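Novice: Pasting a structure here, questions to come.
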Amino acid sequence: MNEKERKKLINSYIGRTVDIKIDRPIGYIHHGNTYPVNYGYIPGVIGGDGEELDVYLLGVDKPVSEYRAKIIGAVHRIDDNEDKLVAAPEGAIFDQAQIAEQVAFQERYFTTSIEALHHRSCGAVIYRRRGDGIEYLCLFQRRSERYSFPKGHAEAYETELETAEREIKEEIGICAELDSLFREKVHYSFNEIKRKTVVLFLAEYNGELNVDSGEISEYVWADIEKAKELLPEWYEAVLEKADQYINR
């Protein structure tokens with residue numbers, strides 16, 4: 001099974017409910033590695049290594065021998081010939097960074113990418129003062145082909161502020177001093193089953209930007225009304241709260 005076929009297989013299970021046979025429950029020791037989560041496989045489903053497709057079961061804090069759960073993500077091993085599904089009880093939410101933390105006991109030995117039903121990004125509303133008004137920084141993202149604030153995916157073991165600071169540095173080349181007292185969440189869907197949460201802080205900046213042209217095709221400083229026109233509708237409430245906060 002080649003890499004493309006492997007990805008197609010694991011992605012086809014994300015969002016589905018499956019029956020899992022657990023052969024390495026919590027506390028199981030394998031090659032000196034103690035399992036902090038239940039680990040098993042989907043009977044009869046063959047993965048890239050020719051064995052039954054493995055599954056990490058998160059959100060169950062006791063050893064079990066079998067479990068019916070929803071597939072909430074997948075771990076794709078870039079430097080190996082197998083991938084792992086990630087499951088949790090119905091209603092349990094783990095984003096990509098939380099999944100990475102939960103499976104690190106085993107996946108730390110591989111180069112991986114994680115797919116998840118729930119994604120979390122962190123960033124900031126960046127603003128500057130011009131005369132009597134406020135202008136907001138709007139970035140046109142090449143990948144999504146829409147305007148956004150500087151932001152990016154949270155990584156394992158990062159705080160929200162650390163993610164926001166890192167992503168702002170990567171995208172626009174500045175070390176922003178974030179106001180953590182302003183913290184707003186935005187939720188939206190980016191396909192039929194996947195959801196995204198964006199955590200936004202606030203920062204004032206008046207210097208020069210060094211925009212990553214690989215990710216950003218253009219940027220605009222806009223007043224609040226123009227920013228509302230440029231940005232997706234789910235950011236409108238955040239803009240209004242930011243404006244009220246700045247002018248309080």
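FYI, nothing fancy with the structure tokens labels: chains A, B, ... in order, residues from 1 per chain, ligands from 1 as they appear.
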Output as a PDB file with C-alpha atoms, in the first residue's frame all residues of range 6-244 of chain A that backbone DSSP marks as alpha helix (DSSP H).

Specialist:
```
ATOM      1  CA  ARG A   6      -2.666   4.808   3.193  1.00  0.00           C
ATOM      2  CA  LYS A   7      -3.846   8.402   3.594  1.00  0.00           C
ATOM      3  CA  LYS A   8      -7.037   7.655   1.704  1.00  0.00           C
ATOM      4  CA  LEU A   9      -7.727   4.708   4.005  1.00  0.00           C
ATOM      5  CA  ILE A  10      -7.225   6.525   7.305  1.00  0.00           C
ATOM      6  CA  ASN A  11      -9.052   9.662   6.178  1.00  0.00           C
ATOM      7  CA  SER A  12     -12.051   7.547   5.155  1.00  0.00           C
ATOM      8  CA  TYR A  13     -12.529   6.553   8.801  1.00  0.00           C
ATOM      9  CA  GLN A  96      -4.643  18.192  16.883  1.00  0.00           C
ATOM     10  CA  ALA A  97      -2.262  19.421  19.596  1.00  0.00           C
ATOM     11  CA  GLN A  98      -3.998  17.427  22.332  1.00  0.00           C
ATOM     12  CA  ILE A  99      -3.906  14.306  20.167  1.00  0.00           C
ATOM     13  CA  ALA A 100      -0.173  14.821  19.579  1.00  0.00           C
ATOM     14  CA  GLU A 101       0.420  15.055  23.324  1.00  0.00           C
ATOM     15  CA  GLN A 102      -1.618  11.926  24.078  1.00  0.00           C
ATOM     16  CA  VAL A 103       0.164   9.741  21.507  1.00  0.00           C
ATOM     17  CA  ALA A 104       3.684  11.156  21.956  1.00  0.00           C
ATOM     18  CA  PHE A 105       4.727   8.220  24.168  1.00  0.00           C
ATOM     19  CA  GLN A 106       4.928   6.141  20.978  1.00  0.00           C
ATOM     20  CA  GLU A 107       4.875   8.599  18.068  1.00  0.00           C
ATOM     21  CA  GLU A 160      -2.105  29.427  23.549  1.00  0.00           C
ATOM     22  CA  LEU A 161       0.122  32.482  23.970  1.00  0.00           C
ATOM     23  CA  GLU A 162       3.192  30.558  22.809  1.00  0.00           C
ATOM     24  CA  THR A 163       1.372  29.393  19.689  1.00  0.00           C
ATOM     25  CA  ALA A 164       0.142  32.907  18.920  1.00  0.00           C
ATOM     26  CA  GLU A 165       3.605  34.434  19.406  1.00  0.00           C
ATOM     27  CA  ARG A 166       5.265  31.786  17.230  1.00  0.00           C
ATOM     28  CA  GLU A 167       2.743  32.043  14.423  1.00  0.00           C
ATOM     29  CA  ILE A 168       2.807  35.865  14.379  1.00  0.00           C
ATOM     30  CA  LYS A 169       6.611  35.755  14.169  1.00  0.00           C
ATOM     31  CA  GLU A 170       6.447  33.228  11.302  1.00  0.00           C
ATOM     32  CA  GLU A 171       3.744  35.018   9.320  1.00  0.00           C
ATOM     33  CA  ILE A 172       4.600  38.709   9.689  1.00  0.00           C
ATOM     34  CA  ILE A 224     -13.180  48.364  11.298  1.00  0.00           C
ATOM     35  CA  GLU A 225     -15.827  48.690   8.586  1.00  0.00           C
ATOM     36  CA  LYS A 226     -13.412  47.779   5.791  1.00  0.00           C
ATOM     37  CA  ALA A 227     -12.000  44.934   7.888  1.00  0.00           C
ATOM     38  CA  LYS A 228     -15.517  43.525   8.324  1.00  0.00           C
ATOM     39  CA  GLU A 229     -15.910  43.540   4.540  1.00  0.00           C
ATOM     40  CA  LEU A 230     -12.602  41.756   3.984  1.00  0.00           C
ATOM     41  CA  GLU A 236     -17.128  40.317  12.964  1.00  0.00           C
ATOM     42  CA  ALA A 237     -17.978  39.943  16.668  1.00  0.00           C
ATOM     43  CA  VAL A 238     -14.278  39.725  17.578  1.00  0.00           C
ATOM     44  CA  LEU A 239     -13.548  42.935  15.671  1.00  0.00           C
ATOM     45  CA  GLU A 240     -16.330  44.745  17.488  1.00  0.00           C
ATOM     46  CA  LYS A 241     -15.109  43.508  20.889  1.00  0.00           C
ATOM     47  CA  ALA A 242     -11.539  44.491  20.024  1.00  0.00           C
ATOM     48  CA  ASP A 243     -12.654  47.961  18.992  1.00  0.00           C
ATOM     49  CA  GLN A 244     -14.607  48.421  22.217  1.00  0.00           C
TER      50      GLN A 244
END
```

Novice: List every residue of range 166-220 of chain A that has an atom at most 9 Å from any atom of range 114-132 of chain A, and for each one report the closest atom pair and its distance in Å to one decimal, counting only C-alpha atoms, with rows sorted by chain and then by increasing residue number, as a tab-separated table.

Specialist:
```
residue	atom	partner	partner_atom	distance
A:Arg166	CA	A:Gly123	CA	8.8
A:Glu167	CA	A:Gly123	CA	6.8
A:Ile168	CA	A:Gly123	CA	6.7
A:Ala176	CA	A:Ile126	CA	8.6
A:Leu178	CA	A:Ala124	CA	7.6
A:Arg183	CA	A:Ala124	CA	8.9
A:Ile193	CA	A:Leu117	CA	6.7
A:Lys194	CA	A:Leu117	CA	4.6
A:Arg195	CA	A:His118	CA	5.0
A:Lys196	CA	A:His119	CA	4.7
A:Thr197	CA	A:Arg120	CA	4.8
A:Val198	CA	A:Ser121	CA	4.8
A:Val199	CA	A:Cys122	CA	4.6
A:Leu200	CA	A:Ala124	CA	4.6
A:Phe201	CA	A:Ala124	CA	4.4
A:Leu202	CA	A:Val125	CA	4.9
A:Ala203	CA	A:Ile126	CA	5.0
A:Glu204	CA	A:Tyr127	CA	4.9
A:Tyr205	CA	A:Arg128	CA	5.5
A:Asn206	CA	A:Arg128	CA	5.8
```

Novice: Would you output that residue set with N, CA and C atoms, as an mmCIF file, in the first residue's frame?

Specialist:
```
data_model
loop_
_atom_site.group_PDB
_atom_site.id
_atom_site.type_symbol
_atom_site.label_atom_id
_atom_site.label_comp_id
_atom_site.auth_asym_id
_atom_site.auth_seq_id
_atom_site.Cartn_x
_atom_site.Cartn_y
_atom_site.Cartn_z
ATOM 1 N N ARG A 166 4.490 32.477 18.258
ATOM 2 C CA ARG A 166 5.265 31.786 17.230
ATOM 3 C C ARG A 166 4.687 32.030 15.845
ATOM 4 N N GLU A 167 3.375 31.904 15.728
ATOM 5 C CA GLU A 167 2.743 32.043 14.423
ATOM 6 C C GLU A 167 2.831 33.481 13.900
ATOM 7 N N ILE A 168 2.685 34.455 14.790
ATOM 8 C CA ILE A 168 2.807 35.865 14.379
ATOM 9 C C ILE A 168 4.226 36.134 13.881
ATOM 10 N N ALA A 176 5.365 40.183 18.744
ATOM 11 C CA ALA A 176 4.230 40.964 19.246
ATOM 12 C C ALA A 176 4.100 40.840 20.753
ATOM 13 N N LEU A 178 1.573 40.567 23.293
ATOM 14 C CA LEU A 178 0.155 40.231 23.303
ATOM 15 C C LEU A 178 -0.517 40.655 24.597
ATOM 16 N N ARG A 183 -9.021 37.928 25.191
ATOM 17 C CA ARG A 183 -8.952 36.565 24.651
ATOM 18 C C ARG A 183 -10.343 36.188 24.159
ATOM 19 N N ILE A 193 -17.441 17.843 8.080
ATOM 20 C CA ILE A 193 -17.308 17.208 9.395
ATOM 21 C C ILE A 193 -16.279 17.873 10.298
ATOM 22 N N LYS A 194 -15.386 18.673 9.755
ATOM 23 C CA LYS A 194 -14.310 19.224 10.565
ATOM 24 C C LYS A 194 -14.656 20.616 11.090
ATOM 25 N N ARG A 195 -14.278 20.835 12.347
ATOM 26 C CA ARG A 195 -14.543 22.109 13.021
ATOM 27 C C ARG A 195 -13.226 22.754 13.424
ATOM 28 N N LYS A 196 -13.244 24.082 13.477
ATOM 29 C CA LYS A 196 -12.040 24.810 13.872
ATOM 30 C C LYS A 196 -12.363 25.821 14.955
ATOM 31 N N THR A 197 -11.460 25.925 15.928
ATOM 32 C CA THR A 197 -11.523 26.944 16.966
ATOM 33 C C THR A 197 -10.297 27.833 16.825
ATOM 34 N N VAL A 198 -10.516 29.140 16.801
ATOM 35 C CA VAL A 198 -9.417 30.098 16.730
ATOM 36 C C VAL A 198 -9.435 30.929 18.004
ATOM 37 N N VAL A 199 -8.331 30.937 18.734
ATOM 38 C CA VAL A 199 -8.171 31.744 19.943
ATOM 39 C C VAL A 199 -7.380 32.984 19.562
ATOM 40 N N LEU A 200 -7.943 34.160 19.831
ATOM 41 C CA LEU A 200 -7.320 35.411 19.421
ATOM 42 C C LEU A 200 -7.043 36.325 20.608
ATOM 43 N N PHE A 201 -5.825 36.835 20.642
ATOM 44 C CA PHE A 201 -5.436 37.854 21.609
ATOM 45 C C PHE A 201 -5.388 39.199 20.877
ATOM 46 N N LEU A 202 -4.788 40.204 21.493
ATOM 47 C CA LEU A 202 -4.761 41.547 20.910
ATOM 48 C C LEU A 202 -3.353 42.113 21.038
ATOM 49 N N ALA A 203 -2.923 42.848 19.995
ATOM 50 C CA ALA A 203 -1.598 43.466 20.064
ATOM 51 C C ALA A 203 -1.567 44.726 19.210
ATOM 52 N N GLU A 204 -0.934 45.774 19.736
ATOM 53 C CA GLU A 204 -0.726 47.004 18.970
ATOM 54 C C GLU A 204 0.662 46.963 18.357
ATOM 55 N N TYR A 205 0.754 47.386 17.070
ATOM 56 C CA TYR A 205 2.056 47.381 16.409
ATOM 57 C C TYR A 205 2.139 48.523 15.414
ATOM 58 N N ASN A 206 3.263 49.236 15.421
ATOM 59 C CA ASN A 206 3.424 50.396 14.544
ATOM 60 C C ASN A 206 4.658 50.315 13.651
#
```

Novice: For Ala154 in chain A, which of A:Ile29, A:Asp95, A:Tyr67, A:Gly15 is the closest residue, counting only C-alpha atoms?

Specialist: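 Among the listed residues, A:Asp95 lies closest to Ala154 in chain A.
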
Novice: Considering only strand (DSSP E) as DSSP defines it on the backbone, what residues of range 2-215 of chain A qualify? List them as a count of residues only.

Specialist: 99

Novice: Determine, counting only C-alpha atoms, which protein, DNA and RNA residues have an atom within 8 Å of an atom of Glu215 in chain A; residues of the same chain fewer than 4 positions away are not included. Present the result as a PyMOL selection string.

Specialist: chain A and resi 141-143+171

Novice: Please, what distance in Å, to one decimal, runs between CA of Gly47 in chain A and CA of Gly59 in chain A?

Specialist: 23.5 Å
